[in-house]
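Colleague: Structure file model31.cif (mmCIF, C-alpha atoms) right here:
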```
data_input
loop_
_atom_site.label_atom_id
_atom_site.label_comp_id
_atom_site.auth_asym_id
_atom_site.auth_seq_id
_atom_site.Cartn_x
_atom_site.Cartn_y
_atom_site.Cartn_z
CA MET Q 5 16.54 24.43 -16.76
CA ALA Q 6 15.40 25.76 -13.38
CA ILE Q 7 15.58 23.26 -10.55
CA GLY Q 8 12.73 22.64 -8.16
CA PRO Q 9 11.89 24.78 -5.11
CA ASP Q 10 13.40 24.47 -1.65
CA ILE Q 11 11.23 23.25 1.24
CA ALA Q 12 11.40 24.21 4.90
CA LEU Q 13 9.31 22.51 7.60
CA ASP Q 14 9.45 23.93 11.11
CA LEU Q 15 6.71 22.19 13.08
CA GLU Q 16 6.24 23.17 16.70
CA ARG Q 17 3.40 20.75 17.31
CA PHE Q 18 0.63 18.88 15.52
CA GLY Q 19 -1.84 16.17 16.42
CA PHE Q 20 -5.17 15.00 15.09
CA ALA Q 21 -8.19 15.84 17.23
CA GLY Q 22 -8.54 13.50 20.16
CA GLY Q 23 -5.18 11.83 19.55
CA PRO Q 24 -1.63 12.17 20.83
CA LEU Q 25 0.87 14.59 19.35
CA LEU Q 26 2.16 13.40 15.99
CA PHE Q 27 4.90 16.04 15.63
CA GLN Q 28 6.69 18.24 18.13
CA ASP Q 29 9.75 20.37 17.33
CA LEU Q 30 10.27 18.62 14.00
CA HIS Q 31 12.45 20.45 11.49
CA LEU Q 32 13.37 19.48 7.94
CA LYS Q 33 14.92 21.38 5.06
CA VAL Q 34 15.11 20.18 1.47
CA ALA Q 35 17.28 21.97 -1.07
CA GLY Q 36 15.96 22.83 -4.50
CA GLY Q 37 16.41 19.85 -6.83
CA GLU Q 38 17.14 17.44 -3.98
CA VAL Q 39 15.52 14.00 -3.72
CA VAL Q 40 14.83 13.20 -0.07
CA ALA Q 41 13.39 9.89 1.10
CA LEU Q 42 11.33 9.84 4.28
CA ILE Q 43 11.78 6.44 5.92
CA GLY Q 44 9.91 5.22 8.95
CA PRO Q 45 7.26 2.82 10.28
CA SER Q 46 3.58 3.04 9.44
CA GLY Q 47 1.81 5.69 11.50
CA VAL Q 48 4.88 7.83 12.12
CA GLY Q 49 3.43 10.66 10.02
CA LYS Q 50 5.22 10.44 6.68
CA THR Q 51 2.09 10.93 4.57
CA THR Q 52 0.93 13.75 6.82
CA LEU Q 53 4.21 15.57 6.16
CA LEU Q 54 3.58 15.24 2.41
CA ARG Q 55 0.11 16.69 2.87
CA MET Q 56 1.58 19.64 4.77
CA VAL Q 57 4.06 20.33 1.98
CA ALA Q 58 1.20 20.06 -0.51
CA GLY Q 59 -0.67 22.71 1.47
CA VAL Q 60 -3.71 20.54 2.14
CA GLN Q 61 -3.05 19.70 5.80
CA GLY Q 62 -3.43 22.57 8.22
CA GLY Q 63 -4.04 22.86 11.94
CA PHE Q 64 -0.38 22.77 12.96
CA ALA Q 65 1.69 25.17 15.03
CA GLY Q 66 4.75 26.24 13.10
CA SER Q 67 5.39 26.80 9.43
CA VAL Q 68 5.82 24.93 6.15
CA HIS Q 69 7.31 26.92 3.28
CA VAL Q 70 7.85 26.05 -0.39
CA ALA Q 71 10.21 28.45 -2.20
CA GLY Q 72 9.73 30.90 0.66
CA LYS Q 73 5.92 30.90 0.47
CA PRO Q 74 3.53 29.24 2.91
CA ALA Q 75 2.75 25.83 1.43
CA ASP Q 76 -0.95 26.58 1.02
CA GLN Q 77 -0.06 29.64 -1.08
CA ALA Q 78 2.59 27.97 -3.25
CA PRO Q 79 1.89 26.36 -6.65
CA ARG Q 80 0.22 22.96 -6.43
CA SER Q 81 2.49 19.97 -5.98
CA GLY Q 82 2.56 16.97 -8.27
CA MET Q 83 1.45 14.03 -6.12
CA VAL Q 84 1.82 10.30 -6.76
CA PHE Q 85 -0.15 8.03 -4.44
CA GLN Q 86 0.11 4.44 -3.20
CA ASP Q 87 -2.50 3.50 -5.79
CA ALA Q 88 -2.97 5.23 -9.12
CA ARG Q 89 -6.35 6.78 -8.11
CA LEU Q 90 -7.44 6.97 -11.73
CA LEU Q 91 -10.97 7.96 -12.71
CA PRO Q 92 -12.37 4.87 -14.46
CA TRP Q 93 -14.95 6.83 -16.47
CA LEU Q 94 -12.23 8.92 -18.16
CA THR Q 95 -9.67 7.91 -20.76
CA VAL Q 96 -5.94 8.15 -20.17
CA ALA Q 97 -5.91 11.65 -21.67
CA GLY Q 98 -9.05 12.54 -19.73
CA ASN Q 99 -7.39 11.59 -16.44
CA ILE Q 100 -4.59 14.05 -17.15
CA ARG Q 101 -6.95 16.76 -18.30
CA ALA Q 102 -9.02 16.29 -15.13
CA VAL Q 103 -6.16 17.80 -13.11
CA SER Q 104 -4.66 19.97 -15.86
CA PRO Q 105 -7.59 21.17 -17.98
CA ALA Q 106 -5.52 23.67 -19.96
CA MET Q 107 -3.23 21.02 -21.48
CA ALA Q 108 -3.52 20.65 -25.24
CA ASP Q 109 -3.71 17.23 -26.89
CA ALA Q 110 -0.15 17.56 -28.19
CA GLU Q 111 1.15 18.37 -24.71
CA ILE Q 112 -0.62 15.35 -23.25
CA ASP Q 113 0.79 13.10 -25.98
CA ALA Q 114 4.32 14.41 -25.32
CA LEU Q 115 3.92 13.85 -21.58
CA LEU Q 116 2.69 10.30 -22.13
CA GLU Q 117 5.68 9.64 -24.38
CA ARG Q 118 7.98 10.86 -21.61
CA VAL Q 119 6.66 8.22 -19.20
CA GLY Q 120 6.57 5.39 -21.74
CA LEU Q 121 2.86 5.50 -22.52
CA GLY Q 122 2.93 6.73 -26.10
CA GLY Q 123 -0.14 5.80 -28.13
CA VAL Q 124 -2.46 4.98 -25.22
CA SER Q 125 -4.21 8.31 -24.71
CA ALA Q 126 -7.59 6.95 -25.84
CA LEU Q 127 -7.50 3.83 -23.65
CA TRP Q 128 -9.45 3.41 -20.41
CA PRO Q 129 -7.74 2.78 -17.07
CA ARG Q 130 -9.08 -0.78 -16.97
CA GLN Q 131 -7.12 -1.51 -20.15
CA LEU Q 132 -3.79 -0.63 -18.48
CA SER Q 133 -1.58 -2.95 -16.45
CA GLY Q 134 -0.70 -2.02 -12.89
CA GLY Q 135 2.66 -0.66 -13.96
CA MET Q 136 1.08 1.39 -16.75
CA GLN Q 137 -1.41 2.84 -14.28
CA ARG Q 138 1.46 3.96 -12.03
CA ARG Q 139 3.17 5.56 -15.05
CA LEU Q 140 -0.05 7.43 -15.74
CA GLY Q 141 -0.10 8.55 -12.11
CA LEU Q 142 3.38 9.99 -12.58
CA ALA Q 143 2.35 11.68 -15.83
CA ARG Q 144 -0.61 13.25 -14.07
CA ALA Q 145 1.67 14.56 -11.28
CA LEU Q 146 4.09 16.01 -13.84
CA SER Q 147 1.20 17.75 -15.60
CA VAL Q 148 0.38 19.55 -12.33
CA ASN Q 149 3.91 20.51 -11.31
CA PRO Q 150 7.07 19.00 -12.82
CA ARG Q 151 9.24 20.97 -10.36
CA LEU Q 152 7.87 19.54 -7.10
CA LEU Q 153 6.93 15.87 -6.79
CA LEU Q 154 5.51 14.27 -3.64
CA LEU Q 155 5.54 10.47 -3.87
CA ASP Q 156 3.69 8.39 -1.28
CA GLU Q 157 4.85 4.74 -1.45
CA PRO Q 158 4.70 4.77 -5.27
CA PHE Q 159 6.04 1.22 -5.72
CA VAL Q 160 3.94 -0.81 -3.29
CA SER Q 161 1.98 -3.89 -4.42
CA LEU Q 162 3.89 -4.28 -7.69
CA ASP Q 163 6.10 -7.07 -9.01
CA ARG Q 164 9.80 -6.41 -8.56
CA ALA Q 165 10.40 -6.32 -12.32
CA VAL Q 166 7.74 -3.61 -12.67
CA VAL Q 167 9.24 -1.73 -9.73
CA ARG Q 168 12.66 -1.77 -11.39
CA ASP Q 169 11.18 -0.31 -14.58
CA LEU Q 170 9.40 2.43 -12.63
CA GLN Q 171 12.53 3.25 -10.65
CA ALA Q 172 14.48 3.61 -13.90
CA LEU Q 173 11.77 5.93 -15.22
CA PHE Q 174 11.91 7.97 -12.01
CA ARG Q 175 15.68 8.38 -12.29
CA GLN Q 176 15.30 9.50 -15.90
CA VAL Q 177 12.65 12.08 -15.01
CA VAL Q 178 14.77 13.45 -12.16
CA ALA Q 179 17.85 13.71 -14.39
CA GLU Q 180 15.92 15.55 -17.10
CA LEU Q 181 13.73 17.89 -15.03
CA ARG Q 182 15.70 18.39 -11.76
CA PRO Q 183 12.57 18.53 -9.56
CA THR Q 184 12.54 18.68 -5.80
CA VAL Q 185 11.22 15.33 -4.57
CA LEU Q 186 9.93 14.00 -1.27
CA LEU Q 187 9.66 10.22 -1.48
CA VAL Q 188 7.83 8.38 1.29
CA SER Q 189 8.76 4.72 1.62
CA HIS Q 190 8.98 1.93 4.17
CA ASP Q 191 11.68 0.25 2.05
CA PRO Q 192 15.28 1.48 2.55
CA GLU Q 193 16.18 0.12 -0.88
CA ASP Q 194 13.93 2.72 -2.54
CA ALA Q 195 15.94 5.42 -0.82
CA ALA Q 196 19.29 3.79 -1.57
CA LEU Q 197 18.46 3.55 -5.27
CA LEU Q 198 16.74 6.88 -5.84
CA ALA Q 199 17.38 9.52 -3.18
CA ASP Q 200 20.16 11.97 -2.43
CA ARG Q 201 19.43 11.71 1.27
CA ALA Q 202 17.37 9.51 3.58
CA VAL Q 203 15.66 11.05 6.61
CA ILE Q 204 14.65 8.44 9.17
CA LEU Q 205 11.62 9.22 11.33
CA THR Q 206 10.68 7.41 14.50
CA GLY Q 207 8.66 7.74 17.69
CA ARG Q 208 5.50 9.52 18.79
CA PRO Q 209 5.76 12.47 18.63
CA ALA Q 210 7.87 11.76 15.54
CA ARG Q 211 11.47 12.86 15.57
CA VAL Q 212 14.31 12.69 13.07
CA ALA Q 213 16.35 9.71 14.26
CA GLY Q 214 19.08 10.46 11.75
CA GLU Q 215 19.99 11.13 8.15
CA VAL Q 216 22.05 9.21 5.62
CA ALA Q 217 23.71 10.91 2.63
CA LEU Q 218 23.27 8.74 -0.46
CA ALA Q 219 25.50 10.33 -3.08
CA GLY Q 220 27.84 8.23 -5.21
CA PRO Q 221 27.69 5.02 -7.26
CA ARG Q 222 24.55 2.89 -7.16
CA GLY Q 223 25.73 -0.56 -8.19
CA PRO Q 224 24.32 -3.61 -6.37
CA GLU Q 225 27.10 -3.66 -3.76
CA ASP Q 226 26.82 0.11 -3.23
CA VAL Q 227 23.04 -0.13 -2.77
CA ALA Q 228 23.43 -2.98 -0.30
CA GLY Q 229 25.86 -0.89 1.73
CA LEU Q 230 23.55 2.13 1.71
CA VAL Q 231 20.60 -0.03 2.77
CA ALA Q 232 22.66 -1.35 5.68
CA ARG Q 233 23.52 2.22 6.76
CA ILE Q 234 19.87 3.29 6.65
CA ARG Q 235 18.81 0.24 8.67
CA ALA Q 236 21.52 0.92 11.22
CA VAL Q 237 20.23 4.45 11.77
CA SER Q 238 16.64 3.18 11.84
CA GLY Q 239 17.51 0.71 14.60
#
```
Any chance you could give the structure as structure tokens?
Modeller:
Amino acid sequence: MAIGPDIALDLERFGFAGGPLLFQDLHLKVAGGEVVALIGPSGVGKTTLLRMVAGVQGGFAGSVHVAGKPADQAPRSGMVFQDARLLPWLTVAGNIRAVSPAMADAEIDALLERVGLGGVSALWPRQLSGGMQRRLGLARALSVNPRLLLLDEPFVSLDRAVVRDLQALFRQVVAELRPTVLLVSHDPEDAALLADRAVILTGRPARVAGEVALAGPRGPEDVAGLVARIRAVSG
């Protein structure tokens, strides 16, 4: 199975109108099939970087390439947001078809099975628990592009038990599909559990304060050690 695309960000400068520079001389490369966690405080620009990779944020000096193409000319990314952003007037299947209208019923059912939502295609979003809604958000992202996933704080505001279930699902999806993933989080533990590498952002304009390789075992003691390393680099 083909792995996901590589990503290259070479940002000379970017700032929102009337505000200070958000990025200046910021460079980041992500290998195909790599899971990279972007760690940093609120307002440092993590979500903006995701939007640039998705090709929906312009106005910057520099370049953002996905598989060698400018991001706004590359295939759409699969995005998972801080909240599920489901359309309440559509069923579960309808929410997937809203972003992937060509999907057949059988394909939608198979996708829902993959994320642990088998048999719920006819339900409404209000009938789903918070964890189920996040699973549907992941299914919707996979329907758009299973090779490139952009996750913006996907585990916030959920009970820890639900988070653990979703993290296990994420690991399963990554193992099966080998996508390229950018995971935005404020929690170093998300990176320690799920990513191949953590990139720590800080400052204004934002800079890369450091990186932490996260390969190897992921038992509780290993994760605690990785979290400590990320926090040390984060200051």
Colleague: Report as a list in words the full result of the PyMOL selection byres ((chain Q and resi 155) around 7) when it is applied to this structure.
Modeller: Met83, Val84, Phe85, Leu153, Leu154, Asp156, Glu157, Pro158, Leu186, Leu187 and Val188 of chain Q
Colleague: Considering all atoms listed in the file, state which residue in the set Q:Asp109, Q:Arg139, Q:Val119, Q:Leu127 is at the smallest distance from Q:Arg89.
Modeller: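 Result for the nearest residue to Q:Arg89: Q:Arg139.
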Colleague: Could you give me, as a JSON list (two decimals) with C-alpha atoms, in the coordinates of the input, the residues that have an atom at most 7 Å away from the point (11.5, 24.4, 12.3) in the coordinates of the file, using all atoms listed in the file?
Modeller:
```
[["chain", "number", "residue", "atom", "x", "y", "z"],
["Q", 13, "LEU", "CA", 9.31, 22.51, 7.60],
["Q", 14, "ASP", "CA", 9.45, 23.93, 11.11],
["Q", 15, "LEU", "CA", 6.71, 22.19, 13.08],
["Q", 16, "GLU", "CA", 6.24, 23.17, 16.70],
["Q", 29, "ASP", "CA", 9.75, 20.37, 17.33],
["Q", 30, "LEU", "CA", 10.27, 18.62, 14.00],
["Q", 31, "HIS", "CA", 12.45, 20.45, 11.49],
["Q", 32, "LEU", "CA", 13.37, 19.48, 7.94]]
```
Colleague: Counting all atoms listed in the file, which residues of stretch 24-95 of chain Q fall within 12 Å of stretch 219-232 of chain Q, and what is the closest atom pair for each with its distance in Å at one decimal, ordered by chain and rising number, as CSV?
Modeller:
```
residue,atom,partner,partner_atom,distance
Q:Glu38,CA,Q:Ala219,CA,11.0
Q:Val39,CA,Q:Ala219,CA,10.7
Q:Val40,CA,Q:Ala219,CA,11.5
Q:Ile43,CA,Q:Val231,CA,11.4
```
Colleague: Could you pull the residues within 12 Å of Q:Met107, counting only C-alpha atoms, minus those fewer than 6 positions along the same chain, as a ChimeraX atom specification?
Modeller: /Q:97-101,113-115,144,146-148
Colleague: Residues within 8 Å of Q:Pro24, please, as a list in words. Count only C-alpha atoms; anything in the same chain fewer than 2 positions from it doesn't count.
Modeller: Gly19, Phe20, Gly22, Leu26, Arg208 and Pro209 of chain Q
Colleague: Tell me which of Q:Ala110, Q:Val166, Q:Ile204, Q:Ala213 sits closest to Q:Pro192, counting only C-alpha atoms.
Modeller: Q:Ile204
Colleague: Taking the file as I've supplied it (selection: the PyMOL selection byres ((chain Q and resi 217) around 7)), which residues are included? Please answer as a ChimeraX atom specification.
Modeller: /Q:200-202,215-216,218-219
Colleague: Once the PyMOL selection byres ((chain Q and resi 72-75) around 10) has been applied to the shown file, what residues remain in the selection, as a list in words?
Modeller: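 Taken over the shown coordinates, the PyMOL selection byres ((chain Q and resi 72-75) around 10) returns Pro9, Asp10, Ile11, Ala12, Leu13, Arg55, Met56, Val57, Ala58, Gly59, Val60, Gln61, Gly62, Ser67, Val68, His69, Val70, Ala71, Asp76, Gln77, Ala78, Pro79, Arg80 and Ser81 of chain Q.
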Colleague: Grab the residues selected above and save them as a compact mmCIF listing (two decimals), in the coordinates of the input with C-alpha atoms.
Modeller:
```txt
# COMPACT_ATOMS: atom_id res chain seq x y z
CA PRO Q 9 11.89 24.78 -5.11
CA ASP Q 10 13.40 24.47 -1.65
CA ILE Q 11 11.23 23.25 1.24
CA ALA Q 12 11.40 24.21 4.90
CA LEU Q 13 9.31 22.51 7.60
CA ARG Q 55 0.11 16.69 2.87
CA MET Q 56 1.58 19.64 4.77
CA VAL Q 57 4.06 20.33 1.98
CA ALA Q 58 1.20 20.06 -0.51
CA GLY Q 59 -0.67 22.71 1.47
CA VAL Q 60 -3.71 20.54 2.14
CA GLN Q 61 -3.05 19.70 5.80
CA GLY Q 62 -3.43 22.57 8.22
CA SER Q 67 5.39 26.80 9.43
CA VAL Q 68 5.82 24.93 6.15
CA HIS Q 69 7.31 26.92 3.28
CA VAL Q 70 7.85 26.05 -0.39
CA ALA Q 71 10.21 28.45 -2.20
CA ASP Q 76 -0.95 26.58 1.02
CA GLN Q 77 -0.06 29.64 -1.08
CA ALA Q 78 2.59 27.97 -3.25
CA PRO Q 79 1.89 26.36 -6.65
CA ARG Q 80 0.22 22.96 -6.43
CA SER Q 81 2.49 19.97 -5.98
```
Colleague: Could you please determine the separation between atom CA of Q:Pro45 and atom CA of Q:Arg211 in Å, to one decimal place?
Modeller: 12.1 Å
Colleague: Ranking Q:Arg182, Q:Ser189, Q:Gln131, Q:Ala195 by minimum distance to Q:Gly49 and counting all atoms listed in the file, which one comes first?
Modeller: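 Ranked by minimum distance to Q:Gly49, first place goes to Q:Ser189.
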Colleague: Calculated over only C-alpha atoms, which of the candidates Q:Lys50, Q:Arg17, Q:His190, Q:Arg130 has the smallest distance to Q:Val96?
Modeller: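 With only C-alpha atoms as the atom set, the closest residue is Q:Arg130.
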Colleague: N, CA and C atoms for stretch 88-99 of chain Q, written as a PDB file, keeping the file's coordinate frame, could you do that?
Modeller:
```
ATOM      1  N   ALA Q  88      -2.964   4.233  -8.043  1.00  0.00           N
ATOM      2  CA  ALA Q  88      -2.970   5.230  -9.120  1.00  0.00           C
ATOM      3  C   ALA Q  88      -4.098   6.261  -8.966  1.00  0.00           C
ATOM      4  N   ARG Q  89      -5.207   5.870  -8.312  1.00  0.00           N
ATOM      5  CA  ARG Q  89      -6.350   6.780  -8.110  1.00  0.00           C
ATOM      6  C   ARG Q  89      -6.836   7.370  -9.441  1.00  0.00           C
ATOM      7  N   LEU Q  90      -6.955   6.520 -10.434  1.00  0.00           N
ATOM      8  CA  LEU Q  90      -7.440   6.970 -11.730  1.00  0.00           C
ATOM      9  C   LEU Q  90      -8.966   6.999 -11.734  1.00  0.00           C
ATOM     10  N   LEU Q  91      -9.516   7.868 -12.558  1.00  0.00           N
ATOM     11  CA  LEU Q  91     -10.970   7.960 -12.710  1.00  0.00           C
ATOM     12  C   LEU Q  91     -11.393   7.008 -13.809  1.00  0.00           C
ATOM     13  N   PRO Q  92     -12.113   5.932 -13.473  1.00  0.00           N
ATOM     14  CA  PRO Q  92     -12.370   4.870 -14.460  1.00  0.00           C
ATOM     15  C   PRO Q  92     -13.287   5.302 -15.602  1.00  0.00           C
ATOM     16  N   TRP Q  93     -14.042   6.376 -15.419  1.00  0.00           N
ATOM     17  CA  TRP Q  93     -14.950   6.830 -16.470  1.00  0.00           C
ATOM     18  C   TRP Q  93     -14.281   7.790 -17.459  1.00  0.00           C
ATOM     19  N   LEU Q  94     -12.984   8.055 -17.250  1.00  0.00           N
ATOM     20  CA  LEU Q  94     -12.230   8.920 -18.160  1.00  0.00           C
ATOM     21  C   LEU Q  94     -11.125   8.145 -18.833  1.00  0.00           C
ATOM     22  N   THR Q  95     -10.793   8.530 -20.052  1.00  0.00           N
ATOM     23  CA  THR Q  95      -9.670   7.910 -20.760  1.00  0.00           C
ATOM     24  C   THR Q  95      -8.356   8.324 -20.108  1.00  0.00           C
ATOM     25  N   VAL Q  96      -7.261   7.770 -20.637  1.00  0.00           N
ATOM     26  CA  VAL Q  96      -5.940   8.150 -20.170  1.00  0.00           C
ATOM     27  C   VAL Q  96      -5.746   9.665 -20.292  1.00  0.00           C
ATOM     28  N   ALA Q  97      -6.038  10.192 -21.474  1.00  0.00           N
ATOM     29  CA  ALA Q  97      -5.910  11.650 -21.670  1.00  0.00           C
ATOM     30  C   ALA Q  97      -6.869  12.406 -20.765  1.00  0.00           C
ATOM     31  N   GLY Q  98      -8.073  11.880 -20.584  1.00  0.00           N
ATOM     32  CA  GLY Q  98      -9.050  12.540 -19.730  1.00  0.00           C
ATOM     33  C   GLY Q  98      -8.606  12.608 -18.281  1.00  0.00           C
ATOM     34  N   ASN Q  99      -7.895  11.574 -17.810  1.00  0.00           N
ATOM     35  CA  ASN Q  99      -7.390  11.590 -16.440  1.00  0.00           C
ATOM     36  C   ASN Q  99      -6.358  12.686 -16.233  1.00  0.00           C
TER      37      ASN Q  99
END
```
